[in-house]
Amino acid sequence: MSVVLVLLGVALLVSTIARGGGPLSVGVLFGLLLGGAGIARLWLDRQRDHG
C-alpha cells in the first residue's frame with residue numbers, strides 16, 4: 001500500500017507539471033502529500049521491524 005501511495009504521488013506530480021501546473025497547484029500539493037504519506041509509511045514500517 002505504501003508503494004502505491006508513492007507511485008500515485010509521483011504520477012500526479014509528473015502529470016500536473018507536464019500540463020503546466022505551478023508549484024502551488026492542487027495536483028502538485030496532492031502529489032507531494034500522497035508521496036510523503038507513502039514514504040512515511042515505509043519508514044515507519046521499517047522502524048517497527050528493527051525495533
# chains A, B, ... in the order shown; residues from 1 in each chain; ligands from 1

$ residues_around --residues "segment 18-30 of chain A" --least-positions-apart "5" --cutoff "8 Å" --atoms "only C-alpha atoms" --output "VMD selection string"
chain A and resid 9 12 to 13

$ select_by_dssp --residues "chain A" --states "helix (DSSP H, G or I)" --output "PDB file with C-alpha atoms, in the first residue's frame"
ATOM      1  CA  SER A   2       2.843   2.375   0.807  1.00  0.00           C
ATOM      2  CA  VAL A   3       4.489   1.856  -2.560  1.00  0.00           C
ATOM      3  CA  VAL A   4       1.159   2.520  -4.286  1.00  0.00           C
ATOM      4  CA  LEU A   5       0.865   5.853  -2.446  1.00  0.00           C
ATOM      5  CA  VAL A   6       4.354   6.862  -3.505  1.00  0.00           C
ATOM      6  CA  LEU A   7       3.709   5.883  -7.128  1.00  0.00           C
ATOM      7  CA  LEU A   8       0.382   7.747  -7.204  1.00  0.00           C
ATOM      8  CA  GLY A   9       2.054  10.827  -5.761  1.00  0.00           C
ATOM      9  CA  VAL A  10       4.823  10.756  -8.337  1.00  0.00           C
ATOM     10  CA  ALA A  11       2.343  10.175 -11.179  1.00  0.00           C
ATOM     11  CA  LEU A  12       0.225  13.094 -10.004  1.00  0.00           C
ATOM     12  CA  LEU A  13       3.274  15.353  -9.792  1.00  0.00           C
ATOM     13  CA  VAL A  14       4.515  14.407 -13.251  1.00  0.00           C
ATOM     14  CA  SER A  15       1.074  14.776 -14.795  1.00  0.00           C
ATOM     15  CA  THR A  16       0.474  18.178 -13.220  1.00  0.00           C
ATOM     16  CA  ILE A  17       3.881  19.545 -14.167  1.00  0.00           C
ATOM     17  CA  ALA A  18       3.553  18.200 -17.725  1.00  0.00           C
ATOM     18  CA  VAL A  26      -3.666  21.314  -6.436  1.00  0.00           C
ATOM     19  CA  GLY A  27      -2.041  18.431  -8.323  1.00  0.00           C
ATOM     20  CA  VAL A  28       1.419  19.284  -7.047  1.00  0.00           C
ATOM     21  CA  LEU A  29       0.229  19.667  -3.471  1.00  0.00           C
ATOM     22  CA  PHE A  30      -1.744  16.397  -3.514  1.00  0.00           C
ATOM     23  CA  GLY A  31       1.155  14.624  -5.220  1.00  0.00           C
ATOM     24  CA  LEU A  32       3.546  15.775  -2.518  1.00  0.00           C
ATOM     25  CA  LEU A  33       1.102  14.759   0.211  1.00  0.00           C
ATOM     26  CA  LEU A  34       0.493  11.299  -1.252  1.00  0.00           C
ATOM     27  CA  GLY A  35       4.182  10.696  -1.870  1.00  0.00           C
ATOM     28  CA  GLY A  36       5.079  11.925   1.605  1.00  0.00           C
ATOM     29  CA  ALA A  37       2.438   9.711   3.206  1.00  0.00           C
ATOM     30  CA  GLY A  38       3.760   6.683   1.342  1.00  0.00           C
ATOM     31  CA  ILE A  39       7.358   7.421   2.286  1.00  0.00           C
ATOM     32  CA  ALA A  40       6.361   7.979   5.912  1.00  0.00           C
ATOM     33  CA  ARG A  41       4.511   4.653   5.985  1.00  0.00           C
ATOM     34  CA  LEU A  42       7.524   2.846   4.531  1.00  0.00           C
ATOM     35  CA  TRP A  43       9.856   4.486   7.040  1.00  0.00           C
ATOM     36  CA  LEU A  44       7.597   3.689   9.995  1.00  0.00           C
ATOM     37  CA  ASP A  45       7.224   0.060   8.904  1.00  0.00           C
ATOM     38  CA  ARG A  46      10.992  -0.321   8.746  1.00  0.00           C
ATOM     39  CA  GLN A  47      11.437   1.327  12.150  1.00  0.00           C
ATOM     40  CA  ARG A  48       8.879  -1.015  13.686  1.00  0.00           C
ATOM     41  CA  ASP A  49      10.578  -4.076  12.153  1.00  0.00           C
ATOM     42  CA  HIS A  50      14.006  -3.102  13.518  1.00  0.00           C
TER      43      HIS A  50
END
